[in-house]
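Engineer: Take a look at this one; I'll ask things after.
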Amino acid sequence: MPIRLTTSAADFETGFAAMLSAKREDSADVGDVVAGIIADVRDRGDAALIDYTARFDRLDLTAETLRIPAKEMSRVVAGVPAEDRAALELAAERIRAYHARQMPQDESWTDEAGATLGWRWTPVTAAGLYVPGGQASYPSSVLMNAIPARVAGVERLVVCVPTPDGVVNPLVLLACELAGVDEIYRVGGAQAIAAMAYGTETIAPVDKITGPGNAFVAAAKRQVFGRVGIDMIAGPSEVLIIAEGDQNPDWLALDLMAQAEHDADAQSILITPDAGLADAVEQAVARLIPTLDRAEIAGASWRDYGAVIVTRDLEEAAALSDRIAPEHLELCVAEPEALAARTRHAGAIFLGAHTPEAVGDYVSGPNHVLPTARSARFSSGLSVMDFLKRTTLARLTPGALARIGPAAVRLAASEGLAAHGQSVAARLQTLNEGSGT
Ligand code: HSO
Ligand code: ZN
């Protein structure tokens with residue numbers, strides 16, 4: 001049974017605090033193993049990748065076959081049914097249009113001292129995207145990672161994807177093609193992250209690595225950070241739904257289970273001021289779970305981490321949501337904009353009964369790579385910004401240097417940095433001589 005809390009009950013705060021602090025992810029400590037794999041890939045390059053791929057994916061590769069050739073790409077992709085292709089194309093187009101709007105502007109202005117200041121944005125040169133194999137190999141996630149990179153102007157986009165027993169997912173390859181991925185390697189795990197960070201004979205290194213993965217991949221990303229940039233380390237998925245009493249309990253049950261089916265560690269929470277709706281949704285979920293393909297995963301997630309909270313009103317529901325800072329926040333209420341305005345901490349907000357979170361996973365346009373485990377308090381979902389960096393610009397006229405330089409000379413002296421002070425003072429002196437004073 002999911003936990004059930006009522007804000008008017010005396011023990012509410014205790015129950016809520018326990019829910020907030022429950023640790024959902026119990027990832028094994030694989031740091032040492034991963035450090036060994038990274039060192040091996042740095043040492044032996046392609047040969048190490050070939051060994052690990054034989055061992056973990058039961059696939060014999062050579063330096064020539066690490067990369068999936070264009071011919072194989074077109075053959076596999078040609079087998080994708082037209083309806084699947086059309087759906088993926090629609091998704092790609094909408095994701096592209098959304099992320100194009102995110103592109104930030106360069107800025108430049110001249111201030112009252114006469115300094116021309118500003119910044120400009122430039123893309124990272126090469127980005128590497130990790131695509132997991134197995135059950136969590138989502139073509140939609142390929143689009144969500146690769147398209148922002150391309151929109152940002154990344155020149156070289158690399159994908160590493162494990163292909164256990166040589167089996168490739170045609171939709172993953174099609175997503176790579178639609179997003180404009182340049183190179184695809186059939187390598188997975190920590191070894192793939194090491195190869196993209198340090199490079200091998202065949203795989204040139206990248207500057208930034210993004211994408212989800214298992215505990216080994218997550219540990220590898222942590223360990224190569226600094227050598228390359230990485231995106232966030234995402235935890236199990238979450239949804240929080242705030243619903244009014246007149247909402248359809250079957251729809252809400254489906255929305256809750258759409259998160260729960262991702263992972264036994266996923267979390268689905270319903271908050272409502274209507275105890276009757278809370279009961280109806282719990283009953284609907286109980287009916288729904290046995291009908292799902294992933295009944296076991298969804299059932300375990302709902303049993304262990306599911307929560308139903310009954311509040312006095314919507315205002316209180318919004319305040320609780322902020323304390324949770326969910327990855328996905330669904331507002332199934334008559335006036336979702338007003339309620340959204342009352343919340344601050346959420347990775348993505350879905351407004352109204354006809355915007356289920358699942359539509360955001362695929363086709364609405366915003367990114368589905370979002371901050372989990374309460375990190376929406378301080379971070380945001382993946383965007384073009386993850387593939388851009390900002391360079392600041394400053395140009396001083398002689399007059400501007402004369403005006404603000406003396407303060408720099410003073411501060412340099414206070415920090416005991418003589419060359420700093422003189423590098424400014426020497427110029428000020430020349431300016432003074434030139435002006436004849
Ligand atoms: N809801 C997941 C993303 C996803 N869902 C991919 C389906 N495919 C995490 O935001
Ligand atoms: Zn999903």
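In the structure tokens, chains take letters A, B, ... by order of appearance, with residues numbered from 1 within each chain and ligands from 1 in the order shown.
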Find the residues near Leu143 of chain A: any atom within 9 Å, counting only C-alpha atoms, skip ones fewer than 4 places away on the same chain, and give them as a list in words.
Structural biologist: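 Within the cut-off, the hits are Leu88, Ala91, Ala92, Ile95, Arg96, Pro139, Ile147, Pro148, Ala175, Cys176, Leu178 and Ala179 of chain A.
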Engineer: What do you get as a ChimeraX atom specification if you pick all residues at most 6 Å from ligand 1, counting only C-alpha atoms and all ligand atoms?
Structural biologist: /A:138,140-141,237,361,368-369
Engineer: Excluding Arg120 of chain A and residues on its chain fewer than 3 positions from it, collect all residues at most 12 Å away from it, counting only C-alpha atoms, and give them as a PyMOL selection string.
Structural biologist: chain A and resi 103-108+117+123+388-394
Engineer: Could I get the residue neighbourhood of ligand 2 at 12 Å, counting only C-alpha atoms and all ligand atoms, as a ChimeraX atom specification?
Structural biologist: /A:136-141,236-239,254-263,266-268,327-328,356-363,367-370
Engineer: Just the number, please: distance in Å from atom CA of Val168 of chain A to atom CA of Val142 of chain A, one decimal.
Structural biologist: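 Computing the Euclidean distance for atom CA of Val168 of chain A and atom CA of Val142 of chain A yields 13.9 Å.
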Engineer: Can you work out which one of A:Ala373, A:Ala234, A:Ala115, A:Ile184 has the shortest atom-to-atom distance to Arg395 of chain A, counting only C-alpha atoms?
Structural biologist: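 Among A:Ala373, A:Ala234, A:Ala115, A:Ile184, it is A:Ala115 that comes nearest to Arg395 of chain A.
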Engineer: Go ahead and compute the interatomic distance for atom CA of Ala325 of chain A and atom CA of Arg377 of chain A, in Å to one decimal.
Structural biologist: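 Separation of atom CA of Ala325 of chain A and atom CA of Arg377 of chain A: 6.0 Å.
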Engineer: Nearest to Pro326 of chain A among A:Ile233, A:Ile349, A:Ala127, A:Ala149, with distances taken over only C-alpha atoms: which residue is it?
Structural biologist: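 Among the listed residues, the smallest separation from Pro326 of chain A belongs to A:Ile349.
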